[in-house]
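Asks: Provided below: upload-v3.pdb, containing PDB, C-alpha atoms and all ligand atoms.
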```
ATOM      1  CA  MET A 679      86.563  43.781 -19.134
ATOM      2  CA  ILE A 680      86.916  47.537 -18.734
ATOM      3  CA  ASN A 681      84.281  50.037 -17.675
ATOM      4  CA  ALA A 682      84.716  53.801 -17.578
ATOM      5  CA  SER A 683      82.353  56.739 -17.190
ATOM      6  CA  ALA A 684      82.110  60.509 -16.936
ATOM      7  CA  PRO A 685      79.396  62.798 -15.539
ATOM      8  CA  ALA A 686      77.105  65.452 -16.981
ATOM      9  CA  LYS A 687      77.671  69.045 -15.908
ATOM     10  CA  ILE A 688      75.873  72.327 -15.474
ATOM     11  CA  ILE A 689      77.224  75.846 -15.510
ATOM     12  CA  LEU A 690      76.091  77.526 -12.305
ATOM     13  CA  VAL A 691      77.057  81.079 -13.271
ATOM     14  CA  GLY A 692      79.220  82.812 -15.865
ATOM     15  CA  GLU A 693      78.522  81.103 -19.219
ATOM     16  CA  HIS A 694      79.257  83.209 -22.291
ATOM     17  CA  ALA A 695      81.180  85.814 -20.250
ATOM     18  CA  VAL A 696      83.745  83.027 -19.673
ATOM     19  CA  VAL A 697      84.539  83.163 -23.404
ATOM     20  CA  TYR A 698      85.772  86.766 -22.809
ATOM     21  CA  GLY A 699      88.083  85.971 -19.913
ATOM     22  CA  GLN A 700      85.660  86.245 -16.999
ATOM     23  CA  PRO A 701      85.398  83.432 -14.434
ATOM     24  CA  ALA A 702      82.561  80.899 -14.421
ATOM     25  CA  ILE A 703      81.515  78.181 -11.999
ATOM     26  CA  ALA A 704      80.607  74.708 -13.217
ATOM     27  CA  ILE A 705      79.348  71.715 -11.285
ATOM     28  CA  PRO A 706      79.327  68.009 -12.192
ATOM     29  CA  VAL A 707      76.021  66.130 -12.146
ATOM     30  CA  SER A 708      77.243  62.717 -11.059
ATOM     31  CA  SER A 709      73.819  61.034 -11.240
ATOM     32  CA  LEU A 710      73.689  61.514 -15.035
ATOM     33  CA  ARG A 711      76.581  59.797 -16.819
ATOM     34  CA  ALA A 712      78.097  58.557 -20.056
ATOM     35  CA  TYR A 713      79.529  55.016 -19.933
ATOM     36  CA  ALA A 714      82.098  53.152 -22.017
ATOM     37  CA  HIS A 715      82.632  49.419 -21.888
ATOM     38  CA  ALA A 716      85.615  47.790 -23.622
ATOM     39  CA  ALA A 717      85.743  44.090 -24.504
ATOM     40  CA  PRO A 718      88.295  42.168 -26.607
ATOM     41  CA  ASN A 719      87.443  41.150 -30.166
ATOM     42  CA  THR A 720      89.469  39.803 -33.060
ATOM     43  CA  GLY A 721      88.890  42.472 -35.672
ATOM     44  CA  GLY A 722      90.543  45.767 -34.666
ATOM     45  CA  LEU A 723      89.083  48.730 -32.828
ATOM     46  CA  ARG A 724      85.354  49.270 -33.131
ATOM     47  CA  ILE A 725      83.321  51.927 -31.362
ATOM     48  CA  VAL A 726      79.603  51.361 -31.064
ATOM     49  CA  ALA A 727      77.431  54.170 -29.802
ATOM     50  CA  ALA A 728      74.639  51.957 -28.531
ATOM     51  CA  ASP A 729      71.921  54.447 -27.660
ATOM     52  CA  LEU A 730      73.340  57.814 -28.601
ATOM     53  CA  ASP A 731      72.378  59.701 -31.715
ATOM     54  CA  GLU A 732      75.139  57.748 -33.473
ATOM     55  CA  THR A 733      74.281  54.180 -34.392
ATOM     56  CA  VAL A 734      76.997  53.353 -36.899
ATOM     57  CA  PRO A 735      80.107  51.512 -35.720
ATOM     58  CA  VAL A 736      83.157  53.693 -36.234
ATOM     59  CA  ASN A 737      86.361  52.502 -37.831
ATOM     60  CA  VAL A 738      89.155  54.631 -36.397
ATOM     61  CA  ASP A 739      91.569  53.790 -39.193
ATOM     62  CA  SER A 740      89.406  55.396 -41.831
ATOM     63  CA  VAL A 741      89.375  58.789 -40.132
ATOM     64  CA  ARG A 742      92.113  61.362 -40.057
ATOM     65  CA  VAL A 743      92.374  63.790 -37.161
ATOM     66  CA  ASP A 744      93.226  66.825 -39.246
ATOM     67  CA  LYS A 745      89.926  66.911 -41.139
ATOM     68  CA  ALA A 746      87.524  69.505 -39.783
ATOM     69  CA  LEU A 747      84.451  67.325 -39.864
ATOM     70  CA  ASP A 748      85.939  64.219 -38.327
ATOM     71  CA  HIS A 749      83.553  62.199 -36.361
ATOM     72  CA  ALA A 750      83.878  63.190 -32.681
ATOM     73  CA  LEU A 751      84.144  59.602 -31.469
ATOM     74  CA  ALA A 752      86.750  58.603 -34.013
ATOM     75  CA  ARG A 753      88.643  61.789 -33.277
ATOM     76  CA  THR A 754      88.671  60.998 -29.564
ATOM     77  CA  ALA A 755      90.055  57.530 -30.257
ATOM     78  CA  ARG A 756      92.636  58.840 -32.715
ATOM     79  CA  LEU A 757      93.885  61.422 -30.194
ATOM     80  CA  VAL A 758      94.246  58.755 -27.501
ATOM     81  CA  LEU A 759      96.125  56.391 -29.836
ATOM     82  CA  ASP A 760      98.449  59.161 -31.009
ATOM     83  CA  ARG A 761      99.154  60.326 -27.472
ATOM     84  CA  LEU A 762      99.952  56.793 -26.289
ATOM     85  CA  HIS A 763     101.833  55.892 -29.510
ATOM     86  CA  ALA A 764      99.699  52.778 -29.781
ATOM     87  CA  PRO A 765      98.113  51.016 -32.762
ATOM     88  CA  PRO A 766      94.341  50.440 -32.584
ATOM     89  CA  PRO A 767      93.784  47.468 -30.233
ATOM     90  CA  ASP A 768      91.446  44.537 -30.934
ATOM     91  CA  GLN A 769      88.650  45.916 -28.767
ATOM     92  CA  THR A 770      85.003  46.798 -29.138
ATOM     93  CA  ILE A 771      84.088  49.852 -27.081
ATOM     94  CA  THR A 772      80.392  50.259 -26.482
ATOM     95  CA  LEU A 773      79.091  53.656 -25.381
ATOM     96  CA  ARG A 774      75.909  54.413 -23.540
ATOM     97  CA  SER A 775      74.732  57.701 -22.071
ATOM     98  CA  ASP A 776      71.972  58.936 -19.784
ATOM     99  CA  ILE A 777      72.749  62.542 -20.698
ATOM    100  CA  PRO A 778      70.353  64.280 -23.110
ATOM    101  CA  VAL A 779      72.234  65.625 -26.155
ATOM    102  CA  ALA A 780      72.333  69.309 -27.183
ATOM    103  CA  SER A 781      70.858  70.396 -23.865
ATOM    104  CA  GLY A 782      73.805  72.190 -22.246
ATOM    105  CA  LEU A 783      74.591  69.227 -19.999
ATOM    106  CA  GLY A 784      77.966  68.456 -21.525
ATOM    107  CA  SER A 785      76.950  65.211 -23.188
ATOM    108  CA  GLY A 786      79.622  65.448 -25.904
ATOM    109  CA  ALA A 787      82.428  66.032 -23.393
ATOM    110  CA  ALA A 788      81.215  63.217 -21.128
ATOM    111  CA  VAL A 789      80.996  60.682 -23.960
ATOM    112  CA  SER A 790      84.492  61.622 -25.182
ATOM    113  CA  ALA A 791      85.928  61.398 -21.666
ATOM    114  CA  ALA A 792      84.373  57.973 -21.026
ATOM    115  CA  LEU A 793      85.565  56.663 -24.404
ATOM    116  CA  ALA A 794      89.100  58.005 -23.950
ATOM    117  CA  ARG A 795      89.320  56.502 -20.458
ATOM    118  CA  ALA A 796      88.132  53.087 -21.619
ATOM    119  CA  LEU A 797      90.430  53.013 -24.643
ATOM    120  CA  ALA A 798      93.521  54.073 -22.667
ATOM    121  CA  SER A 799      92.764  51.479 -19.988
ATOM    122  CA  ALA A 800      92.266  48.797 -22.659
ATOM    123  CA  LEU A 801      95.745  49.690 -23.913
ATOM    124  CA  GLY A 802      97.100  49.269 -20.379
ATOM    125  CA  GLN A 803      98.071  52.953 -20.207
ATOM    126  CA  PRO A 804      95.388  54.838 -18.224
ATOM    127  CA  LEU A 805      95.430  58.594 -18.836
ATOM    128  CA  ASP A 806      95.836  61.063 -15.995
ATOM    129  CA  ASP A 807      93.211  63.795 -15.749
ATOM    130  CA  ALA A 808      95.432  66.511 -17.257
ATOM    131  CA  ALA A 809      96.107  64.431 -20.386
ATOM    132  CA  LEU A 810      92.470  63.405 -20.673
ATOM    133  CA  ASN A 811      91.393  67.030 -20.310
ATOM    134  CA  GLU A 812      93.581  68.063 -23.261
ATOM    135  CA  ILE A 813      92.120  65.323 -25.442
ATOM    136  CA  VAL A 814      88.507  66.124 -24.575
ATOM    137  CA  TYR A 815      89.161  69.829 -25.185
ATOM    138  CA  GLU A 816      90.390  69.017 -28.697
ATOM    139  CA  VAL A 817      87.188  67.080 -29.360
ATOM    140  CA  GLU A 818      85.037  69.860 -27.889
ATOM    141  CA  LYS A 819      86.297  72.106 -30.678
ATOM    142  CA  LEU A 820      84.252  69.985 -33.089
ATOM    143  CA  HIS A 821      81.077  70.779 -31.168
ATOM    144  CA  HIS A 822      81.782  74.353 -30.150
ATOM    145  CA  GLY A 823      84.318  75.944 -32.476
ATOM    146  CA  THR A 824      86.371  77.852 -29.896
ATOM    147  CA  PRO A 825      85.251  76.525 -26.523
ATOM    148  CA  SER A 826      86.470  78.157 -23.324
ATOM    149  CA  GLY A 827      87.424  74.726 -21.940
ATOM    150  CA  ILE A 828      85.018  74.818 -19.003
ATOM    151  CA  ASP A 829      82.923  71.811 -20.111
ATOM    152  CA  ASN A 830      85.779  69.358 -20.549
ATOM    153  CA  THR A 831      87.433  70.517 -17.309
ATOM    154  CA  VAL A 832      84.417  69.972 -15.039
ATOM    155  CA  VAL A 833      83.535  66.684 -16.735
ATOM    156  CA  VAL A 834      87.082  65.288 -16.480
ATOM    157  CA  TYR A 835      87.843  66.408 -12.897
ATOM    158  CA  GLU A 836      84.282  65.782 -11.663
ATOM    159  CA  GLN A 837      84.305  68.452  -8.988
ATOM    160  CA  PRO A 838      82.871  71.977  -8.654
ATOM    161  CA  ILE A 839      85.268  74.327 -10.419
ATOM    162  CA  TYR A 840      85.997  78.026 -10.676
ATOM    163  CA  PHE A 841      87.241  78.385 -14.200
ATOM    164  CA  MET A 842      89.004  81.132 -16.120
ATOM    165  CA  ARG A 843      90.057  80.631 -19.693
ATOM    166  CA  GLY A 844      93.777  79.823 -19.953
ATOM    167  CA  GLU A 845      94.243  79.573 -16.162
ATOM    168  CA  PRO A 846      94.713  76.406 -14.110
ATOM    169  CA  MET A 847      91.390  75.093 -12.840
ATOM    170  CA  GLU A 848      90.568  76.012  -9.210
ATOM    171  CA  SER A 849      88.385  73.763  -7.079
ATOM    172  CA  ILE A 850      85.661  75.287  -4.933
ATOM    173  CA  SER A 851      84.890  74.109  -1.437
ATOM    174  CA  ILE A 852      81.192  73.843  -0.687
ATOM    175  CA  GLY A 853      80.469  75.589   2.644
ATOM    176  CA  ALA A 854      76.983  74.081   2.933
ATOM    177  CA  PRO A 855      75.181  71.651   0.618
ATOM    178  CA  PHE A 856      72.689  73.219  -1.772
ATOM    179  CA  THR A 857      69.949  71.799  -3.967
ATOM    180  CA  LEU A 858      69.548  72.474  -7.671
ATOM    181  CA  LEU A 859      66.748  71.520  -9.995
ATOM    182  CA  ILE A 860      67.874  71.073 -13.568
ATOM    183  CA  ALA A 861      65.055  71.365 -16.087
ATOM    184  CA  ASP A 862      65.239  70.588 -19.786
ATOM    185  CA  THR A 863      63.176  72.711 -22.198
ATOM    186  CA  GLY A 864      63.293  69.854 -24.706
ATOM    187  CA  GLN A 865      64.491  72.362 -27.301
ATOM    188  CA  GLY A 866      67.894  71.322 -28.632
ATOM    189  CA  ALA A 867      70.169  74.301 -29.263
ATOM    190  CA  LEU A 868      73.643  74.649 -30.692
ATOM    191  CA  THR A 869      76.073  76.402 -28.338
ATOM    192  CA  ARG A 870      78.269  77.287 -31.299
ATOM    193  CA  ILE A 871      75.536  79.484 -32.777
ATOM    194  CA  ALA A 872      74.724  81.288 -29.524
ATOM    195  CA  VAL A 873      78.441  81.894 -28.901
ATOM    196  CA  GLY A 874      78.825  83.263 -32.444
ATOM    197  CA  ASP A 875      75.846  85.596 -32.019
ATOM    198  CA  VAL A 876      77.249  86.967 -28.748
ATOM    199  CA  ARG A 877      80.564  87.558 -30.481
ATOM    200  CA  ALA A 878      78.828  89.522 -33.265
ATOM    201  CA  LEU A 879      76.978  91.582 -30.660
ATOM    202  CA  PHE A 880      80.233  92.263 -28.834
ATOM    203  CA  HIS A 881      81.868  93.515 -32.008
ATOM    204  CA  ALA A 882      78.871  95.699 -32.853
ATOM    205  CA  GLU A 883      78.533  97.252 -29.383
ATOM    206  CA  PRO A 884      81.767  96.673 -27.468
ATOM    207  CA  GLU A 885      81.074  99.147 -24.654
ATOM    208  CA  ARG A 886      77.555  98.032 -23.767
ATOM    209  CA  ILE A 887      78.320  94.316 -24.060
ATOM    210  CA  GLY A 888      81.646  94.767 -22.266
ATOM    211  CA  LEU A 889      79.816  96.179 -19.243
ATOM    212  CA  ILE A 890      77.442  93.200 -19.167
ATOM    213  CA  VAL A 891      80.309  90.744 -19.383
ATOM    214  CA  ASP A 892      82.133  92.584 -16.573
ATOM    215  CA  GLU A 893      79.042  92.513 -14.370
ATOM    216  CA  ILE A 894      78.730  88.753 -14.921
ATOM    217  CA  GLY A 895      82.363  88.395 -13.834
ATOM    218  CA  LEU A 896      81.720  90.324 -10.595
ATOM    219  CA  LEU A 897      78.653  88.246  -9.906
ATOM    220  CA  VAL A 898      80.601  84.993 -10.367
ATOM    221  CA  ARG A 899      83.254  86.133  -7.875
ATOM    222  CA  ALA A 900      80.513  86.967  -5.350
ATOM    223  CA  ALA A 901      78.849  83.592  -6.014
ATOM    224  CA  ARG A 902      82.091  81.793  -5.204
ATOM    225  CA  ASP A 903      82.298  83.622  -1.874
ATOM    226  CA  TYR A 904      78.728  82.701  -0.948
ATOM    227  CA  ILE A 905      79.231  79.060  -1.933
ATOM    228  CA  GLU A 906      82.409  78.761   0.122
ATOM    229  CA  ARG A 907      80.772  80.474   3.098
ATOM    230  CA  GLY A 908      77.669  78.281   2.776
ATOM    231  CA  ASP A 909      75.346  81.277   2.318
ATOM    232  CA  VAL A 910      72.854  79.548   0.020
ATOM    233  CA  LYS A 911      70.154  82.211   0.394
ATOM    234  CA  ALA A 912      72.486  84.947  -0.836
ATOM    235  CA  LEU A 913      73.408  82.866  -3.879
ATOM    236  CA  GLY A 914      69.847  82.776  -5.282
ATOM    237  CA  PRO A 915      69.496  86.417  -6.396
ATOM    238  CA  LEU A 916      72.857  86.197  -8.162
ATOM    239  CA  LEU A 917      71.522  83.402 -10.358
ATOM    240  CA  THR A 918      68.424  85.393 -11.225
ATOM    241  CA  ARG A 919      70.501  88.494 -12.018
ATOM    242  CA  ASN A 920      72.784  86.364 -14.194
ATOM    243  CA  HIS A 921      69.703  85.248 -16.151
ATOM    244  CA  ALA A 922      68.683  88.863 -16.783
ATOM    245  CA  LEU A 923      72.179  89.632 -18.085
ATOM    246  CA  LEU A 924      72.080  86.562 -20.342
ATOM    247  CA  GLN A 925      68.738  87.798 -21.701
ATOM    248  CA  THR A 926      70.481  91.037 -22.641
ATOM    249  CA  LEU A 927      73.121  88.968 -24.427
ATOM    250  CA  THR A 928      70.180  87.493 -26.451
ATOM    251  CA  VAL A 929      70.826  83.894 -25.448
ATOM    252  CA  SER A 930      67.608  83.201 -23.551
ATOM    253  CA  SER A 931      64.385  82.002 -25.211
ATOM    254  CA  PRO A 932      60.652  82.200 -24.421
ATOM    255  CA  ASP A 933      60.767  78.619 -23.065
ATOM    256  CA  LEU A 934      63.732  79.360 -20.801
ATOM    257  CA  ASP A 935      62.158  82.598 -19.557
ATOM    258  CA  ARG A 936      58.895  80.811 -18.800
ATOM    259  CA  LEU A 937      60.652  78.085 -16.769
ATOM    260  CA  VAL A 938      62.766  80.623 -14.875
ATOM    261  CA  GLN A 939      59.651  82.606 -13.954
ATOM    262  CA  ALA A 940      57.725  79.469 -12.980
ATOM    263  CA  ALA A 941      60.551  78.388 -10.667
ATOM    264  CA  LEU A 942      60.727  81.807  -8.992
ATOM    265  CA  ASP A 943      56.932  81.986  -8.597
ATOM    266  CA  ALA A 944      56.957  78.537  -6.974
ATOM    267  CA  GLY A 945      59.510  79.610  -4.359
ATOM    268  CA  ALA A 946      62.971  79.020  -5.882
ATOM    269  CA  LEU A 947      65.750  81.146  -4.337
ATOM    270  CA  GLY A 948      67.042  81.934  -7.819
ATOM    271  CA  ALA A 949      66.870  80.617 -11.378
ATOM    272  CA  LYS A 950      68.604  81.019 -14.716
ATOM    273  CA  LEU A 951      69.357  79.379 -18.028
ATOM    274  CA  SER A 952      72.454  77.191 -17.932
ATOM    275  CA  GLY A 953      74.959  76.647 -20.748
ATOM    276  CA  GLY A 954      74.734  77.980 -24.267
ATOM    277  CA  GLY A 955      71.068  78.994 -24.007
ATOM    278  CA  ARG A 956      68.416  79.531 -26.732
ATOM    279  CA  GLY A 957      66.942  76.251 -25.482
ATOM    280  CA  GLY A 958      68.541  73.407 -23.581
ATOM    281  CA  THR A 959      68.614  73.608 -19.828
ATOM    282  CA  MET A 960      67.739  75.929 -16.957
ATOM    283  CA  ILE A 961      68.570  75.569 -13.273
ATOM    284  CA  ALA A 962      66.776  76.626 -10.105
ATOM    285  CA  LEU A 963      68.328  76.914  -6.646
ATOM    286  CA  VAL A 964      65.840  75.677  -4.065
ATOM    287  CA  MET A 965      65.564  74.987  -0.374
ATOM    288  CA  PRO A 966      65.201  71.199   0.019
ATOM    289  CA  GLU A 967      61.695  71.630   1.429
ATOM    290  CA  SER A 968      60.422  73.470  -1.661
ATOM    291  CA  ALA A 969      62.138  71.203  -4.221
ATOM    292  CA  SER A 970      59.085  69.105  -5.075
ATOM    293  CA  GLN A 971      56.802  72.140  -5.369
ATOM    294  CA  VAL A 972      59.235  73.921  -7.722
ATOM    295  CA  ALA A 973      59.814  70.713  -9.722
ATOM    296  CA  GLN A 974      56.070  70.356 -10.199
ATOM    297  CA  ALA A 975      55.768  73.972 -11.361
ATOM    298  CA  LEU A 976      58.560  73.378 -13.890
ATOM    299  CA  THR A 977      56.865  70.274 -15.260
ATOM    300  CA  GLU A 978      53.519  72.083 -15.493
ATOM    301  CA  SER A 979      55.262  74.895 -17.385
ATOM    302  CA  GLY A 980      56.541  72.503 -20.034
ATOM    303  CA  ALA A 981      59.871  71.095 -18.797
ATOM    304  CA  VAL A 982      60.364  67.674 -20.396
ATOM    305  CA  ARG A 983      62.653  66.492 -17.593
ATOM    306  CA  VAL A 984      63.519  67.796 -14.125
ATOM    307  CA  ILE A 985      66.516  66.422 -12.234
ATOM    308  CA  GLU A 986      67.307  67.188  -8.616
ATOM    309  CA  SER A 987      70.985  67.415  -7.744
ATOM    310  CA  VAL A 988      72.461  68.148  -4.312
ATOM    311  CA  VAL A 989      75.835  69.883  -4.479
ATOM    312  CA  LYS A 990      78.039  68.972  -1.512
TER     313      LYS A 990
HETATM  314  O1  LIG B1001      78.161  73.479 -23.516
HETATM  315  P1  LIG B1001      77.216  74.484 -22.984
HETATM  316  O2  LIG B1001      76.010  74.678 -23.818
HETATM  317  O3  LIG B1001      76.960  74.271 -21.528
HETATM  318  O4  LIG B1001      77.926  75.929 -23.060
HETATM  319  C1  LIG B1001      79.240  76.155 -22.742
HETATM  320  C2  LIG B1001      79.415  77.484 -22.114
HETATM  321  C3  LIG B1001      79.648  78.685 -23.001
HETATM  322  O5  LIG B1001      80.199  79.671 -22.132
HETATM  323  C4  LIG B1001      78.360  79.202 -23.584
HETATM  324  C5  LIG B1001      80.623  78.393 -24.130
HETATM  325  C6  LIG B1001      82.031  78.108 -23.678
HETATM  326  O6  LIG B1001      82.814  77.635 -24.527
HETATM  327  O7  LIG B1001      82.384  78.365 -22.522
END
```
Go through the file and emit its structure as structure tokens.
Replies:
Amino acid sequence: MINASAPAKIILVGEHAVVYGQPAIAIPVSSLRAYAHAAPNTGGLRIVAADLDETVPVNVDSVRVDKALDHALARTARLVLDRLHAPPPDQTITLRSDIPVASGLGSGAAVSAALARALASALGQPLDDAALNEIVYEVEKLHHGTPSGIDNTVVVYEQPIYFMRGEPMESISIGAPFTLLIADTGQGALTRIAVGDVRALFHAEPERIGLIVDEIGLLVRAARDYIERGDVKALGPLLTRNHALLQTLTVSSPDLDRLVQAALDAGALGAKLSGGGRGGTMIALVMPESASQVAQALTESGAVRVIESVVK
């Protein structure tokens, strides 16, 4: 019997600008996870997505990796089998996830990572993190088109990361623990579309958008310093400034803006949308003593779910 899992994630600062070569910081949310359970059967490899949006068992043999619209789960399995030069084993892999889909929490990457881990272990050839990261990145392309790679990296390594496209991942040391509230607008949004719109804006107005992207990069570097020094209070305003810059990039939404304002009014140190935007998730940095008050304000302002996560 084999069990594997992978966490959700949030982007603390730097989303969208990371697509243009700026750094971003991402953090795993270990309390929200995707799980994969492998058990022997007698009829080849079957993948059952028990409570995800997919309910149909997947037959890996019927799917080819080179087709653009391959099913993400089958593609994950195919990539693992190809990498390990293994035929599909007689195993049923059942997937389960606590992570809301299309909410900027990295659900797709976490499900792929859990599945790939379980399948490789069932084959007796566990994958190291670097190999797993490459596989999950390939699958992320189905969801995101041309992803920066930040989602798969934080989900696979499960540690706070400072990420620049094409560079080796750097881990961040946390100088003092800090508390985040993660609130879901309940509005699903496709990252691919927001990323495409920002690209169009960049092409239309390269100078103006270039300055915004550069400012986000500076802010991310400052955020890393504050995190490593444990200066939580100084980190807050950087998050709020990052939200304003993301608004200028047109990736916020009325729901996100309302939740950000509600968090700030209720005493958060800083707040911003997190991930692709246009819906999905926002985060608020809070002192532990004001967490419940800010969480209540978020719920009263329409958040469908608020999760508290301590980064340490
Ligand atoms: O998967 P999301 O919605 O958290 O967004 C990923 C972050 C972006 O910078 C918007 C896209 C990317 O590929 O980095």
Asks: Taking the file as I've supplied it (selection: the PyMOL selection byres (((chain A and resi 705-711) around 7) and not hetatm)), which residues are included? Please answer as a PDB file with C-alpha atoms, in the frame of the given file.
Replies:
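Resulting contents of part_28.pdb:
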```pdb
ATOM      1  CA  SER A 683      82.353  56.739 -17.190  1.00  0.00           C
ATOM      2  CA  ALA A 684      82.110  60.509 -16.936  1.00  0.00           C
ATOM      3  CA  PRO A 685      79.396  62.798 -15.539  1.00  0.00           C
ATOM      4  CA  ALA A 686      77.105  65.452 -16.981  1.00  0.00           C
ATOM      5  CA  LYS A 687      77.671  69.045 -15.908  1.00  0.00           C
ATOM      6  CA  ILE A 688      75.873  72.327 -15.474  1.00  0.00           C
ATOM      7  CA  ILE A 689      77.224  75.846 -15.510  1.00  0.00           C
ATOM      8  CA  LEU A 690      76.091  77.526 -12.305  1.00  0.00           C
ATOM      9  CA  ILE A 703      81.515  78.181 -11.999  1.00  0.00           C
ATOM     10  CA  ALA A 704      80.607  74.708 -13.217  1.00  0.00           C
ATOM     11  CA  ALA A 712      78.097  58.557 -20.056  1.00  0.00           C
ATOM     12  CA  TYR A 713      79.529  55.016 -19.933  1.00  0.00           C
ATOM     13  CA  SER A 775      74.732  57.701 -22.071  1.00  0.00           C
ATOM     14  CA  ASP A 776      71.972  58.936 -19.784  1.00  0.00           C
ATOM     15  CA  ILE A 777      72.749  62.542 -20.698  1.00  0.00           C
ATOM     16  CA  VAL A 832      84.417  69.972 -15.039  1.00  0.00           C
ATOM     17  CA  VAL A 833      83.535  66.684 -16.735  1.00  0.00           C
ATOM     18  CA  GLU A 836      84.282  65.782 -11.663  1.00  0.00           C
ATOM     19  CA  GLN A 837      84.305  68.452  -8.988  1.00  0.00           C
ATOM     20  CA  PRO A 838      82.871  71.977  -8.654  1.00  0.00           C
ATOM     21  CA  ILE A 839      85.268  74.327 -10.419  1.00  0.00           C
ATOM     22  CA  SER A 987      70.985  67.415  -7.744  1.00  0.00           C
TER      23      SER A 987
END
```
Asks: So which one's closest to Ile813 in chain A, A:Leu963, A:Val898, A:Val758, A:Ala792? Using only C-alpha atoms, please.
Replies: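 Checking each candidate against Ile813 in chain A, we get A:Val758 as the closest.
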Asks: I'd like the box whose edges run along x, y and z of the file and which contains every listed atom of range 804-809 of chain A, padded by 3 Å per side; could you state its centre and edge lengths in Å, one decimal, as lines of an AutoDock Vina configuration file?
Replies:
```
center_x = 94.7
center_y = 60.7
center_z = -18.1
size_x = 8.9
size_y = 17.7
size_z = 10.6
```
Asks: Run through the PyMOL selection byres (((chain A and resi 797) around 12) and not hetatm) on the given coordinates and return the selected residues as a ChimeraX atom specification.
Replies: /A:679-683,714-718,723-725,738,751-752,754-762,764-773,790-796,798-805,810
Asks: Give me the residues within 8 Å of Thr869 in chain A as a compact mmCIF listing (two decimals) with C-alpha atoms, keeping the file's coordinate frame, counting only C-alpha atoms and dropping any in the same chain fewer than 4 places off.
Replies:
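After the write, result-v3.txt holds the following:
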```
# COMPACT_ATOMS: atom_id res chain seq x y z
CA GLY A 782 73.81 72.19 -22.25
CA HIS A 822 81.78 74.35 -30.15
CA VAL A 873 78.44 81.89 -28.90
CA GLY A 953 74.96 76.65 -20.75
CA GLY A 954 74.73 77.98 -24.27
CA GLY A 955 71.07 78.99 -24.01
```
Asks: Name every residue that the PyMOL selection byres (((chain A and resi 950) around 10) and not hetatm) selects in this structure, writing the answer as a ChimeraX atom specification with chains first and numbers rising.
Replies: /A:690-691,914-925,930,934-935,937-939,941-942,948-949,951-953,955,959-963
Asks: Could you check how far CA of Glu816 in chain A sits from CA of Glu845 in chain A, in Å to one decimal?
Replies: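 We find that CA of Glu816 in chain A and CA of Glu845 in chain A lie 16.8 Å from each other.
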Asks: Neighbours of ligand LIG 1001 (chain B) within 9 Å, counting only C-alpha atoms and all ligand atoms, as a ChimeraX atom specification?
Replies: /A:687-689,692-697,702,780-787,818-819,821-829,843,867-870,872-873,952-955,958-959
Asks: What separation in Å, quoted to one decimal, exists between CA of Ala882 in chain A and CA of Gly895 in chain A?
Replies: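 Interatomic distance, CA of Ala882 in chain A to CA of Gly895 in chain A: 20.7 Å.
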Asks: Can you pull out every residue within 10 Å of Asp909 in chain A, counting only C-alpha atoms, but drop anything in the same chain fewer than 6 positions away, and send it as a PDB file with C-alpha atoms, in the coordinates of the input?
Replies:
```
ATOM      1  CA  ILE A 852      81.192  73.843  -0.687  1.00  0.00           C
ATOM      2  CA  GLY A 853      80.469  75.589   2.644  1.00  0.00           C
ATOM      3  CA  ALA A 854      76.983  74.081   2.933  1.00  0.00           C
ATOM      4  CA  PRO A 855      75.181  71.651   0.618  1.00  0.00           C
ATOM      5  CA  PHE A 856      72.689  73.219  -1.772  1.00  0.00           C
ATOM      6  CA  ALA A 901      78.849  83.592  -6.014  1.00  0.00           C
ATOM      7  CA  ASP A 903      82.298  83.622  -1.874  1.00  0.00           C
TER       8      ASP A 903
END
```
Asks: Kindly indicate which residue among A:Ala900, A:Pro778, A:Leu858, A:Thr928 lies nearest to Leu913 in chain A, using all atoms listed in the file for the distances.
Replies: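 Distance minimum relative to Leu913 in chain A lands on A:Ala900.
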Asks: How far is it from CA of Ala975 in chain A to CA of Ile905 in chain A, in Å with one decimal?
Replies: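 It comes out at 25.8 Å.
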Asks: Rank nothing, just name the residue among A:Asp862, A:Thr857, A:Glu906, A:Ser968 nearest to Val988 in chain A, using only C-alpha atoms.
Replies: A:Thr857
Asks: Tell me which of A:Val789, A:Ala878, A:Ile850, A:Ala969 sits closest to Tyr904 in chain A, counting only C-alpha atoms.
Replies: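 Ranking A:Val789, A:Ala878, A:Ile850, A:Ala969 by distance to Tyr904 in chain A, first place goes to A:Ile850.
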Asks: Would you mind listing what lies within 8 Å of Asp933 in chain A as a list of chain:residue names, with only C-alpha atoms counted and same-chain residues fewer than 3 positions away left out?
Replies: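 Final neighbour list, sorted by chain and number: A:Thr863, A:Arg936, A:Leu937, A:Gly957.
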Asks: Between A:Pro966, A:Pro932, A:Gly699, A:Pro846, single out the one closest to Ser979 in chain A, counting all atoms listed in the file.
Replies: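 Result for the nearest residue to Ser979 in chain A: A:Pro932.
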